[in-house]
file my_file-v9.cif (mmCIF, C-alpha atoms)
data_start
#
loop_
_atom_site.label_atom_id
_atom_site.label_comp_id
_atom_site.auth_asym_id
_atom_site.auth_seq_id
_atom_site.Cartn_x
_atom_site.Cartn_y
_atom_site.Cartn_z
CA MET X 2 98.20 90.48 106.47
CA THR X 3 97.58 89.85 102.77
CA ALA X 4 94.09 88.95 101.60
CA THR X 5 93.37 85.82 99.57
CA LEU X 6 92.31 85.97 95.92
CA GLU X 7 88.83 84.75 96.87
CA GLN X 8 88.42 87.64 99.31
CA LEU X 9 89.67 90.16 96.76
CA ARG X 10 87.20 88.97 94.10
CA ARG X 11 84.38 90.07 96.41
CA CYS X 12 85.75 93.64 96.64
CA HIS X 13 84.11 96.43 94.66
CA PHE X 14 86.95 98.95 94.48
CA ALA X 15 90.66 99.23 95.27
CA VAL X 16 92.75 102.16 96.48
CA ASP X 17 96.49 102.79 96.26
CA LEU X 18 97.20 105.64 98.68
CA GLY X 19 100.74 106.73 97.85
CA ALA X 20 102.83 109.57 99.24
CA ALA X 21 102.89 111.21 95.80
CA ARG X 22 99.67 110.06 94.07
CA THR X 23 96.35 108.45 94.92
CA ARG X 24 94.82 105.94 92.53
CA VAL X 25 91.39 104.30 92.68
CA TYR X 26 90.28 101.26 90.66
CA VAL X 27 86.57 100.45 90.46
CA LYS X 28 85.52 96.94 89.49
CA GLY X 29 84.04 96.95 86.02
CA SER X 30 85.12 100.56 85.31
CA GLY X 31 88.91 100.40 85.59
CA LEU X 32 91.19 103.16 86.86
CA VAL X 33 88.96 106.15 87.70
CA VAL X 34 91.31 108.31 89.81
CA ASP X 35 95.00 109.09 89.31
CA GLN X 36 95.73 112.37 91.11
CA PRO X 37 98.39 113.81 93.46
CA SER X 38 97.78 113.08 97.15
CA VAL X 39 97.37 116.76 98.01
CA ALA X 40 94.57 118.84 99.53
CA ALA X 41 94.25 122.61 100.12
CA VAL X 42 92.34 123.75 103.23
CA ASN X 43 91.03 127.13 104.38
CA THR X 44 92.33 127.33 107.96
CA ARG X 45 89.76 129.98 108.91
CA THR X 46 86.69 127.92 108.03
CA GLY X 47 88.12 124.40 107.74
CA ALA X 48 86.64 124.10 104.24
CA LEU X 49 88.35 122.03 101.59
CA ILE X 50 89.31 124.31 98.70
CA ALA X 51 91.00 121.98 96.22
CA VAL X 52 92.37 118.46 95.84
CA GLY X 53 94.65 116.65 93.40
CA GLU X 54 96.47 118.48 90.62
CA PHE X 55 94.94 121.88 91.32
CA ALA X 56 95.92 121.69 95.00
CA GLU X 57 99.46 120.66 94.02
CA LYS X 58 99.77 123.76 91.80
CA MET X 59 98.89 125.86 94.84
CA THR X 60 101.92 124.59 96.80
CA GLY X 61 104.12 127.51 97.82
CA ARG X 62 101.76 130.06 96.20
CA THR X 63 98.99 130.46 98.78
CA PRO X 64 98.16 133.25 101.25
CA GLY X 65 98.60 132.57 104.94
CA TYR X 66 95.07 131.30 105.58
CA ILE X 67 95.28 128.52 102.96
CA ARG X 68 97.28 125.44 103.91
CA VAL X 69 98.33 122.74 101.44
CA VAL X 70 98.55 119.34 103.17
CA ARG X 71 99.55 115.81 102.24
CA PRO X 72 97.50 113.31 104.28
CA VAL X 73 99.73 110.41 103.19
CA SER X 74 103.41 110.21 104.13
CA GLY X 75 105.73 107.31 103.42
CA GLY X 76 102.88 105.18 102.14
CA THR X 77 101.03 105.58 105.47
CA VAL X 78 97.92 107.65 106.14
CA VAL X 79 98.92 110.27 108.73
CA ASP X 80 95.66 112.28 108.67
CA ILE X 81 92.67 109.94 108.37
CA GLU X 82 89.97 112.61 108.25
CA MET X 83 91.76 114.64 105.57
CA ALA X 84 92.46 111.48 103.53
CA GLN X 85 88.74 110.62 103.60
CA ARG X 86 87.73 114.13 102.52
CA MET X 87 90.32 114.10 99.74
CA LEU X 88 89.12 110.72 98.43
CA ARG X 89 85.47 111.83 98.46
CA GLN X 90 86.33 114.84 96.31
CA LEU X 91 88.55 112.85 93.94
CA LEU X 92 85.78 110.35 93.25
CA SER X 93 83.16 111.70 90.87
CA ASP X 94 79.49 111.91 91.90
CA ARG X 95 78.62 109.08 89.51
CA VAL X 96 81.24 106.75 91.02
CA ARG X 97 80.18 107.60 94.56
CA ARG X 98 76.54 106.87 93.72
CA THR X 99 77.52 103.55 92.14
CA LEU X 100 79.49 102.51 95.22
CA ARG X 101 76.74 103.59 97.62
CA ARG X 102 74.29 101.25 95.88
CA LYS X 103 76.36 98.19 96.84
CA PRO X 104 74.64 96.36 99.74
CA ARG X 105 77.89 95.35 101.45
CA LEU X 106 80.62 97.57 100.06
CA ARG X 107 84.05 95.93 100.13
CA ALA X 108 87.37 97.62 99.42
CA ALA X 109 91.01 96.62 98.91
CA ALA X 110 94.05 98.74 99.71
CA CYS X 111 97.80 98.55 99.18
CA THR X 112 100.03 98.69 102.25
CA PRO X 113 103.85 98.94 102.32
CA HIS X 114 105.81 95.81 103.12
CA ASP X 115 106.08 95.20 106.88
CA ALA X 116 103.63 98.01 107.64
CA ASP X 117 103.00 98.18 111.38
CA PRO X 118 99.50 97.57 112.81
CA LEU X 119 98.90 101.31 113.25
CA ALA X 120 99.58 101.97 109.56
CA GLN X 121 97.28 99.10 108.57
CA ARG X 122 94.58 100.38 110.90
CA ALA X 123 94.84 103.89 109.42
CA ALA X 124 94.34 102.52 105.88
CA ILE X 125 91.32 100.49 107.01
CA GLU X 126 89.69 103.40 108.86
CA THR X 127 90.18 105.69 105.86
CA LEU X 128 88.19 103.37 103.60
CA VAL X 129 85.62 102.54 106.27
CA GLY X 130 84.91 106.27 106.42
CA LEU X 131 84.04 106.09 102.71
CA GLY X 132 81.36 103.49 103.43
CA ALA X 133 83.30 100.22 103.08
CA ARG X 134 81.95 97.47 105.33
CA ARG X 135 85.11 95.39 104.94
CA VAL X 136 88.65 96.29 103.83
CA GLU X 137 91.20 93.77 102.52
CA LEU X 138 94.91 94.67 102.69
CA VAL X 139 97.41 93.60 100.02
CA ASP X 140 101.19 93.99 100.16
CA THR X 141 102.30 96.61 97.63
CA LEU X 142 105.09 94.31 96.40
CA ILE X 143 102.67 91.53 95.44
CA ALA X 144 100.20 93.94 93.84
CA ALA X 145 102.97 95.61 91.82
CA ALA X 146 104.39 92.26 90.67
CA VAL X 147 100.94 91.14 89.49
CA GLY X 148 100.32 94.50 87.82
CA CYS X 149 103.46 94.33 85.68
CA GLY X 150 102.70 90.77 84.54
CA LEU X 151 105.30 88.81 86.52
CA PRO X 152 104.52 85.08 86.98
CA VAL X 153 104.42 85.35 90.77
CA GLU X 154 102.39 82.14 91.22
CA ARG X 155 105.06 79.87 89.68
CA PRO X 156 107.86 78.09 91.59
CA GLU X 157 110.53 80.37 90.14
CA ALA X 158 112.08 83.60 91.33
CA THR X 159 110.86 87.03 90.29
CA MET X 160 112.44 90.17 91.72
CA VAL X 161 110.45 93.39 91.88
CA MET X 162 111.62 96.81 92.99
CA VAL X 163 108.92 99.35 93.90
CA CYS X 164 110.43 102.84 93.60
CA GLY X 165 108.10 105.14 95.48
CA ALA X 166 108.30 108.79 96.42
CA ALA X 167 109.13 108.15 100.08
CA ALA X 168 110.58 104.63 100.11
CA THR X 169 111.97 101.87 97.91
CA GLN X 170 110.82 98.28 98.43
CA VAL X 171 112.70 95.29 97.03
CA ALA X 172 111.51 91.69 97.14
CA VAL X 173 112.01 88.24 95.68
CA LEU X 174 108.74 86.37 95.11
CA SER X 175 107.99 82.72 94.41
CA LEU X 176 104.79 80.63 94.57
CA GLY X 177 102.70 83.76 95.10
CA SER X 178 104.48 84.81 98.29
CA ILE X 179 107.39 86.98 99.36
CA VAL X 180 110.57 84.99 100.02
CA THR X 181 112.77 87.90 101.15
CA ALA X 182 112.07 91.63 101.13
CA GLU X 183 113.59 94.88 102.29
CA ARG X 184 112.12 98.36 102.66
CA VAL X 185 114.60 101.22 102.26
CA PRO X 186 113.37 104.65 103.49
CA VAL X 187 114.80 106.34 100.40
CA GLY X 188 112.72 107.32 97.39
CA GLY X 189 112.34 109.94 94.71
CA GLU X 190 111.80 112.69 97.29
CA ALA X 191 115.18 111.92 98.93
CA VAL X 192 116.94 112.15 95.56
CA ASP X 193 115.20 115.46 94.80
CA HIS X 194 116.13 116.75 98.25
CA ALA X 195 119.79 115.82 97.71
CA ILE X 196 119.85 117.86 94.49
CA VAL X 197 118.11 120.84 96.12
CA GLN X 198 120.63 120.83 99.01
CA HIS X 199 123.55 120.58 96.60
CA LEU X 200 122.36 123.61 94.62
CA ARG X 201 121.78 125.58 97.81
CA HIS X 202 125.21 124.90 99.31
CA ARG X 203 127.31 124.96 96.16
CA HIS X 204 125.54 127.68 94.16
CA GLN X 205 123.51 129.54 96.83
CA LEU X 206 120.38 128.89 94.79
CA VAL X 207 116.91 128.10 96.15
CA LEU X 208 114.61 126.25 93.76
CA PRO X 209 110.82 126.70 93.62
CA SER X 210 109.04 124.04 95.68
CA GLN X 211 107.02 122.51 92.88
CA SER X 212 107.07 124.60 89.70
CA VAL X 213 110.43 123.12 88.63
CA ARG X 214 111.22 119.46 89.11
CA PRO X 215 114.94 119.70 89.81
CA LEU X 216 115.64 116.08 89.13
CA GLN X 217 114.31 116.02 85.58
CA LEU X 218 115.84 119.41 84.87
CA ALA X 219 119.33 118.55 86.05
CA LEU X 220 119.40 114.96 84.82
CA SER X 221 117.85 115.33 81.37
CA GLY X 222 119.05 113.08 78.57
CA THR X 223 120.82 109.95 79.76
CA GLY X 224 120.56 111.11 83.34
CA LEU X 225 122.73 109.38 85.89
CA THR X 226 125.23 108.02 83.36
CA PRO X 227 128.45 109.88 82.45
CA GLU X 228 127.24 109.99 78.83
CA GLY X 229 124.62 112.57 79.81
CA PRO X 230 124.86 116.33 79.22
CA ARG X 231 127.88 117.97 80.88
CA SER X 232 125.99 120.99 82.15
CA THR X 233 122.48 122.36 82.43
CA GLU X 234 120.96 125.72 83.30
CA ILE X 235 118.88 126.03 86.47
CA HIS X 236 116.61 128.95 87.41
CA GLY X 237 115.87 129.84 91.01
CA ARG X 238 116.20 132.44 93.76
CA ASP X 239 119.47 133.73 95.14
CA VAL X 240 119.90 132.90 98.85
CA ALA X 241 121.52 136.21 99.77
CA THR X 242 119.66 138.77 97.63
CA GLY X 243 116.35 137.00 97.09
CA LEU X 244 116.47 137.94 93.41
CA ALA X 245 115.84 135.59 90.50
CA ARG X 246 119.04 134.06 89.18
CA SER X 247 120.08 131.29 86.79
CA VAL X 248 123.27 129.25 87.05
CA LYS X 249 124.95 126.66 84.86
CA VAL X 250 125.34 123.45 86.87
CA ASP X 251 127.82 120.64 86.24
CA THR X 252 125.77 117.42 85.98
CA ALA X 253 128.74 115.34 87.16
CA ALA X 254 128.50 117.13 90.53
CA ILE X 255 124.75 116.45 90.59
CA ARG X 256 125.37 112.75 89.98
CA GLU X 257 127.86 112.73 92.85
CA ALA X 258 125.37 114.50 95.15
CA ILE X 259 122.68 111.83 94.68
CA GLN X 260 124.99 108.86 95.16
CA THR X 261 124.34 108.80 98.92
CA PRO X 262 120.58 108.05 98.72
CA LEU X 263 121.07 105.69 95.77
CA THR X 264 123.78 103.76 97.65
CA ALA X 265 121.18 102.93 100.32
CA VAL X 266 118.98 101.42 97.58
CA LEU X 267 121.89 99.30 96.32
CA ASP X 268 122.55 98.11 99.90
CA GLY X 269 118.90 97.03 100.16
CA ILE X 270 119.14 95.02 96.93
CA GLY X 271 122.33 93.35 98.20
CA LYS X 272 120.69 92.42 101.50
CA VAL X 273 117.71 90.82 99.73
CA LEU X 274 120.01 88.76 97.48
CA ARG X 275 122.16 87.62 100.43
CA GLU X 276 119.07 86.35 102.29
CA CYS X 277 117.62 84.65 99.21
CA PRO X 278 118.11 80.87 98.62
CA PRO X 279 120.83 80.13 96.02
CA ASP X 280 118.39 78.37 93.65
CA LEU X 281 116.27 81.49 93.39
CA VAL X 282 119.30 83.75 92.93
CA ALA X 283 120.29 81.56 89.97
CA ASP X 284 116.87 82.26 88.42
CA LEU X 285 117.37 85.99 88.94
CA ALA X 286 120.67 85.98 87.06
CA ASP X 287 118.64 85.44 83.86
CA ARG X 288 115.41 87.31 84.67
CA GLY X 289 116.90 90.22 86.59
CA ILE X 290 115.01 93.01 88.35
CA VAL X 291 111.74 94.62 87.26
CA MET X 292 111.35 98.24 88.38
CA VAL X 293 107.91 99.71 89.08
CA GLY X 294 106.72 102.91 90.73
CA GLY X 295 106.89 106.55 89.68
CA SER X 296 110.57 106.96 90.62
CA ALA X 297 111.53 104.05 88.34
CA LEU X 298 111.43 106.61 85.53
CA LEU X 299 114.42 108.46 87.03
CA PRO X 300 116.71 108.92 84.00
CA GLY X 301 119.60 106.45 84.01
CA LEU X 302 118.63 104.67 87.26
CA ASP X 303 118.09 101.34 85.50
CA GLN X 304 121.51 101.56 83.84
CA MET X 305 123.18 102.39 87.16
CA LEU X 306 121.56 99.36 88.83
CA ARG X 307 122.59 97.19 85.88
CA GLN X 308 126.23 98.20 86.30
CA ALA X 309 126.20 97.83 90.10
CA THR X 310 124.50 94.40 90.27
CA GLY X 311 125.52 92.80 86.97
CA MET X 312 121.89 91.68 86.54
CA PRO X 313 119.39 92.58 83.82
CA VAL X 314 117.17 95.49 84.89
CA HIS X 315 113.82 96.17 83.22
CA ILE X 316 111.31 98.98 83.69
CA ALA X 317 107.64 97.98 83.60
CA GLU X 318 105.53 99.28 80.73
CA ARG X 319 103.51 101.64 82.98
CA PRO X 320 105.51 101.59 86.21
CA ASP X 321 103.52 104.27 88.02
CA VAL X 322 100.18 102.39 87.97
CA CYS X 323 101.39 98.79 88.34
CA ALA X 324 100.27 98.42 91.97
CA VAL X 325 96.69 99.57 91.44
CA GLU X 326 96.43 97.65 88.15
CA GLY X 327 97.56 94.54 90.01
CA LEU X 328 94.83 95.08 92.58
CA GLY X 329 92.36 95.56 89.75
CA ALA X 330 93.41 92.29 88.11
CA MET X 331 92.76 90.49 91.41
CA LEU X 332 89.37 92.18 91.82
CA GLU X 333 88.31 91.24 88.29
CA GLY X 334 89.39 87.61 88.80
CA ARG X 335 92.05 87.68 86.07
CA ILE X 336 94.61 86.00 88.35
CA ALA X 337 94.26 82.24 88.83
CA PRO X 338 95.80 80.84 92.02
CA MET X 339 98.14 77.87 91.88
CA VAL X 340 96.36 74.95 93.55
CA LEU X 341 98.60 72.67 95.56
CA ASP X 342 96.61 69.56 96.47
CA PRO X 343 97.91 67.67 99.51
CA LEU X 344 99.29 64.23 98.77
CA ARG X 345 97.22 61.30 99.96
CA ALA X 346 98.81 58.46 101.85
#
call {"tool": "encode", "arguments": {"input": "my_file-v9.cif", "output": "structure tokens"}}
result
Amino acid sequence: MTATLEQLRRCHFAVDLGAARTRVYVKGSGLVVDQPSVAAVNTRTGALIAVGEFAEKMTGRTPGYIRVVRPVSGGTVVDIEMAQRMLRQLLSDRVRRTLRRKPRLRAAACTPHDADPLAQRAAIETLVGLGARRVELVDTLIAAAVGCGLPVERPEATMVMVCGAAATQVAVLSLGSIVTAERVPVGGEAVDHAIVQHLRHRHQLVLPSQSVRPLQLALSGTGLTPEGPRSTEIHGRDVATGLARSVKVDTAAIREAIQTPLTAVLDGIGKVLRECPPDLVADLADRGIVMVGGSALLPGLDQMLRQATGMPVHIAERPDVCAVEGLGAMLEGRIAPMVLDPLRA
């Protein structure tokens, strides 16, 4: 269920709970939180030790009694209590005091396309635990399209591709609504995992869990395209000896290893275009695809999509914050709805 613009204008803050990062937009203040969706907990006392960037740095480096958790998985809240505690810590004292002074606190939240009722309920309960009296849900695809400035309210096709950490969502929008959409359970994490598995099987090398981002290291330069660097040096731990070791990796083999998850994304784009009316597909031939989301910055991904689809592919100016900025634009009343008056007999 997607809220109306009138309902969203009454909201006081908006939250984009992503698998990788959590972002909070407060009406009148703008984007106040942009931190990793990570929390560190002391398992002996249950106390929260750290959240956000500091907790992410602790991943893989903690003693046994400290556990690093991610309360959001695949765009869905899987641990409501931990998500509430994490959000309270991410919000500053001043912001929390400002929100508490609202007589009837209203919130808006992004939900993945075709999210099931349980996922929607989890998002609502998370924000109700922060004091919200009412929570409006907005489809991530619509919020992202608004955030990157697409004319979604016009009777013409716009195609948006939300590249998240856990999933990729593709949709064609017209007249402010989704015409066809597809959610592919493949995101930046799947591409990273494919590279990690390739290095483990081919070179017997285990990479650090978070200190080295294997994707950016192996695909530097022009990335997925053959014009990129031929080889790159990777540092990690030897599987057999456990000692530190560095190997020179052929980037062509890396590109081949990540084709499997990226092929699923291409299949999703093809399915959306096949289900789309021909008139809208003709519009897309000129306008192309707009990529948003953190994984849209994957080097060379836009060029690969351009070659595979034959359509123009553009990356939004700030792709990682488009969804929450779109929610903010709706909260601030910067989006005017298209009024369709019924004809009189």
call {"tool": "atom_distance", "arguments": {"input": "my_file-v9.cif", "atom1": "atom CA of X:Tyr26", "atom2": "atom CA of X:Val325"}}
result
6.7 Å
call {"tool": "closest_residue", "arguments": {"input": "my_file-v9.cif", "among": "X:Pro64, X:Gly295, X:Gly47, X:Pro209", "to": "X:Ala317", "atoms": "only C-alpha atoms"}}
result
X:Gly295
call {"tool": "resolve_selection", "arguments": {"input": "my_file-v9.cif", "expression": "the PyMOL selection byres ((chain X and resi 104) around 12)", "output": "list in words"}}
result
Cys12, His13, Thr99, Leu100, Arg101, Arg102, Lys103, Arg105, Leu106, Arg107, Gly132, Ala133, Arg134 and Arg135 of chain X
call {"tool": "closest_residue", "arguments": {"input": "my_file-v9.cif", "among": "X:Lys272, X:Arg45, X:Arg203, X:Arg256", "to": "X:Asp239", "atoms": "only C-alpha atoms"}}
result
X:Arg203
call {"tool": "resolve_selection", "arguments": {"input": "my_file-v9.cif", "expression": "the PyMOL selection byres ((chain X and resi 143) around 8)", "output": "list in words"}}
result
Val139, Asp140, Thr141, Leu142, Ala144, Ala145, Ala146, Val147, Val153, Leu174, Gly177, Ser178 and Ile179 of chain X
call {"tool": "closest_residue", "arguments": {"input": "my_file-v9.cif", "among": "X:Ala40, X:Val240, X:Val282, X:Ile235", "to": "X:Lys58", "atoms": "only C-alpha atoms"}}
result
X:Ala40
call {"tool": "closest_residue", "arguments": {"input": "my_file-v9.cif", "among": "X:Val70, X:Cys164, X:Leu9, X:Ala84", "to": "X:Arg335", "atoms": "only C-alpha atoms"}}
result
X:Leu9
call {"tool": "atom_distance", "arguments": {"input": "my_file-v9.cif", "atom1": "atom CA of X:Ala245", "atom2": "atom CA of X:Gln205"}}
result
11.6 Å
call {"tool": "closest_atom_pairs", "arguments": {"input": "my_file-v9.cif", "of": "stretch 98-163 of chain X", "to": "stretch 273-277 of chain X", "cutoff": "12 Å", "atoms": "all atoms listed in the file", "output": "Markdown table"}}
result
| residue | atom | partner | partner_atom | distance |
| --- | --- | --- | --- | --- |
| X:Ala158 | CA | X:Cys277 | CA | 9.7 |
| X:Thr159 | CA | X:Cys277 | CA | 11.4 |
| X:Met160 | CA | X:Val273 | CA | 9.6 |
| X:Val161 | CA | X:Val273 | CA | 11.0 |
| X:Met162 | CA | X:Val273 | CA | 10.9 |
call {"tool": "build_atoms", "arguments": {"input": "my_file-v9.cif", "residues": "stretch 254-271 of chain X", "atoms": "N, CA, C and O atoms", "output": "PDB file, in the coordinates of the input"}}
result
ATOM      1  N   ALA X 254     128.628 116.829  89.103  1.00  0.00           N
ATOM      2  CA  ALA X 254     128.500 117.130  90.530  1.00  0.00           C
ATOM      3  C   ALA X 254     127.116 116.727  91.044  1.00  0.00           C
ATOM      4  O   ALA X 254     126.977 116.266  92.185  1.00  0.00           O
ATOM      5  N   ILE X 255     126.104 116.879  90.193  1.00  0.00           N
ATOM      6  CA  ILE X 255     124.750 116.450  90.590  1.00  0.00           C
ATOM      7  C   ILE X 255     124.715 114.943  90.782  1.00  0.00           C
ATOM      8  O   ILE X 255     124.142 114.430  91.747  1.00  0.00           O
ATOM      9  N   ARG X 256     125.343 114.213  89.847  1.00  0.00           N
ATOM     10  CA  ARG X 256     125.370 112.750  89.980  1.00  0.00           C
ATOM     11  C   ARG X 256     126.079 112.328  91.258  1.00  0.00           C
ATOM     12  O   ARG X 256     125.663 111.389  91.936  1.00  0.00           O
ATOM     13  N   GLU X 257     127.138 113.042  91.615  1.00  0.00           N
ATOM     14  CA  GLU X 257     127.860 112.730  92.850  1.00  0.00           C
ATOM     15  C   GLU X 257     127.004 113.021  94.078  1.00  0.00           C
ATOM     16  O   GLU X 257     127.034 112.281  95.065  1.00  0.00           O
ATOM     17  N   ALA X 258     126.190 114.105  94.006  1.00  0.00           N
ATOM     18  CA  ALA X 258     125.370 114.500  95.150  1.00  0.00           C
ATOM     19  C   ALA X 258     124.283 113.466  95.462  1.00  0.00           C
ATOM     20  O   ALA X 258     123.902 113.301  96.619  1.00  0.00           O
ATOM     21  N   ILE X 259     123.778 112.773  94.443  1.00  0.00           N
ATOM     22  CA  ILE X 259     122.680 111.830  94.680  1.00  0.00           C
ATOM     23  C   ILE X 259     123.165 110.403  94.893  1.00  0.00           C
ATOM     24  O   ILE X 259     122.356 109.491  95.035  1.00  0.00           O
ATOM     25  N   GLN X 260     124.482 110.209  94.940  1.00  0.00           N
ATOM     26  CA  GLN X 260     124.990 108.860  95.160  1.00  0.00           C
ATOM     27  C   GLN X 260     124.648 108.340  96.547  1.00  0.00           C
ATOM     28  O   GLN X 260     124.435 107.146  96.734  1.00  0.00           O
ATOM     29  N   THR X 261     124.606 109.248  97.542  1.00  0.00           N
ATOM     30  CA  THR X 261     124.340 108.800  98.920  1.00  0.00           C
ATOM     31  C   THR X 261     122.972 108.132  99.051  1.00  0.00           C
ATOM     32  O   THR X 261     122.887 107.009  99.550  1.00  0.00           O
ATOM     33  N   PRO X 262     121.867 108.769  98.618  1.00  0.00           N
ATOM     34  CA  PRO X 262     120.580 108.050  98.720  1.00  0.00           C
ATOM     35  C   PRO X 262     120.512 106.813  97.839  1.00  0.00           C
ATOM     36  O   PRO X 262     119.909 105.804  98.233  1.00  0.00           O
ATOM     37  N   LEU X 263     121.136 106.847  96.655  1.00  0.00           N
ATOM     38  CA  LEU X 263     121.070 105.690  95.770  1.00  0.00           C
ATOM     39  C   LEU X 263     121.910 104.532  96.293  1.00  0.00           C
ATOM     40  O   LEU X 263     121.600 103.368  96.029  1.00  0.00           O
ATOM     41  N   THR X 264     122.977 104.832  97.053  1.00  0.00           N
ATOM     42  CA  THR X 264     123.780 103.760  97.650  1.00  0.00           C
ATOM     43  C   THR X 264     122.949 102.958  98.644  1.00  0.00           C
ATOM     44  O   THR X 264     123.096 101.738  98.759  1.00  0.00           O
ATOM     45  N   ALA X 265     122.057 103.641  99.377  1.00  0.00           N
ATOM     46  CA  ALA X 265     121.180 102.930 100.320  1.00  0.00           C
ATOM     47  C   ALA X 265     120.274 101.959  99.577  1.00  0.00           C
ATOM     48  O   ALA X 265     119.993 100.856 100.074  1.00  0.00           O
ATOM     49  N   VAL X 266     119.817 102.325  98.380  1.00  0.00           N
ATOM     50  CA  VAL X 266     118.980 101.420  97.580  1.00  0.00           C
ATOM     51  C   VAL X 266     119.797 100.199  97.150  1.00  0.00           C
ATOM     52  O   VAL X 266     119.315  99.059  97.212  1.00  0.00           O
ATOM     53  N   LEU X 267     121.023 100.414  96.717  1.00  0.00           N
ATOM     54  CA  LEU X 267     121.890  99.300  96.320  1.00  0.00           C
ATOM     55  C   LEU X 267     122.158  98.367  97.509  1.00  0.00           C
ATOM     56  O   LEU X 267     122.205  97.140  97.344  1.00  0.00           O
ATOM     57  N   ASP X 268     122.339  98.935  98.699  1.00  0.00           N
ATOM     58  CA  ASP X 268     122.550  98.110  99.900  1.00  0.00           C
ATOM     59  C   ASP X 268     121.318  97.239 100.167  1.00  0.00           C
ATOM     60  O   ASP X 268     121.439  96.076 100.575  1.00  0.00           O
ATOM     61  N   GLY X 269     120.122  97.809  99.957  1.00  0.00           N
ATOM     62  CA  GLY X 269     118.900  97.030 100.160  1.00  0.00           C
ATOM     63  C   GLY X 269     118.792  95.873  99.188  1.00  0.00           C
ATOM     64  O   GLY X 269     118.391  94.759  99.567  1.00  0.00           O
ATOM     65  N   ILE X 270     119.152  96.104  97.921  1.00  0.00           N
ATOM     66  CA  ILE X 270     119.140  95.020  96.930  1.00  0.00           C
ATOM     67  C   ILE X 270     120.129  93.928  97.331  1.00  0.00           C
ATOM     68  O   ILE X 270     119.825  92.733  97.266  1.00  0.00           O
ATOM     69  N   GLY X 271     121.329  94.339  97.773  1.00  0.00           N
ATOM     70  CA  GLY X 271     122.330  93.350  98.200  1.00  0.00           C
ATOM     71  C   GLY X 271     121.861  92.532  99.380  1.00  0.00           C
ATOM     72  O   GLY X 271     122.101  91.317  99.439  1.00  0.00           O
TER      73      GLY X 271
END
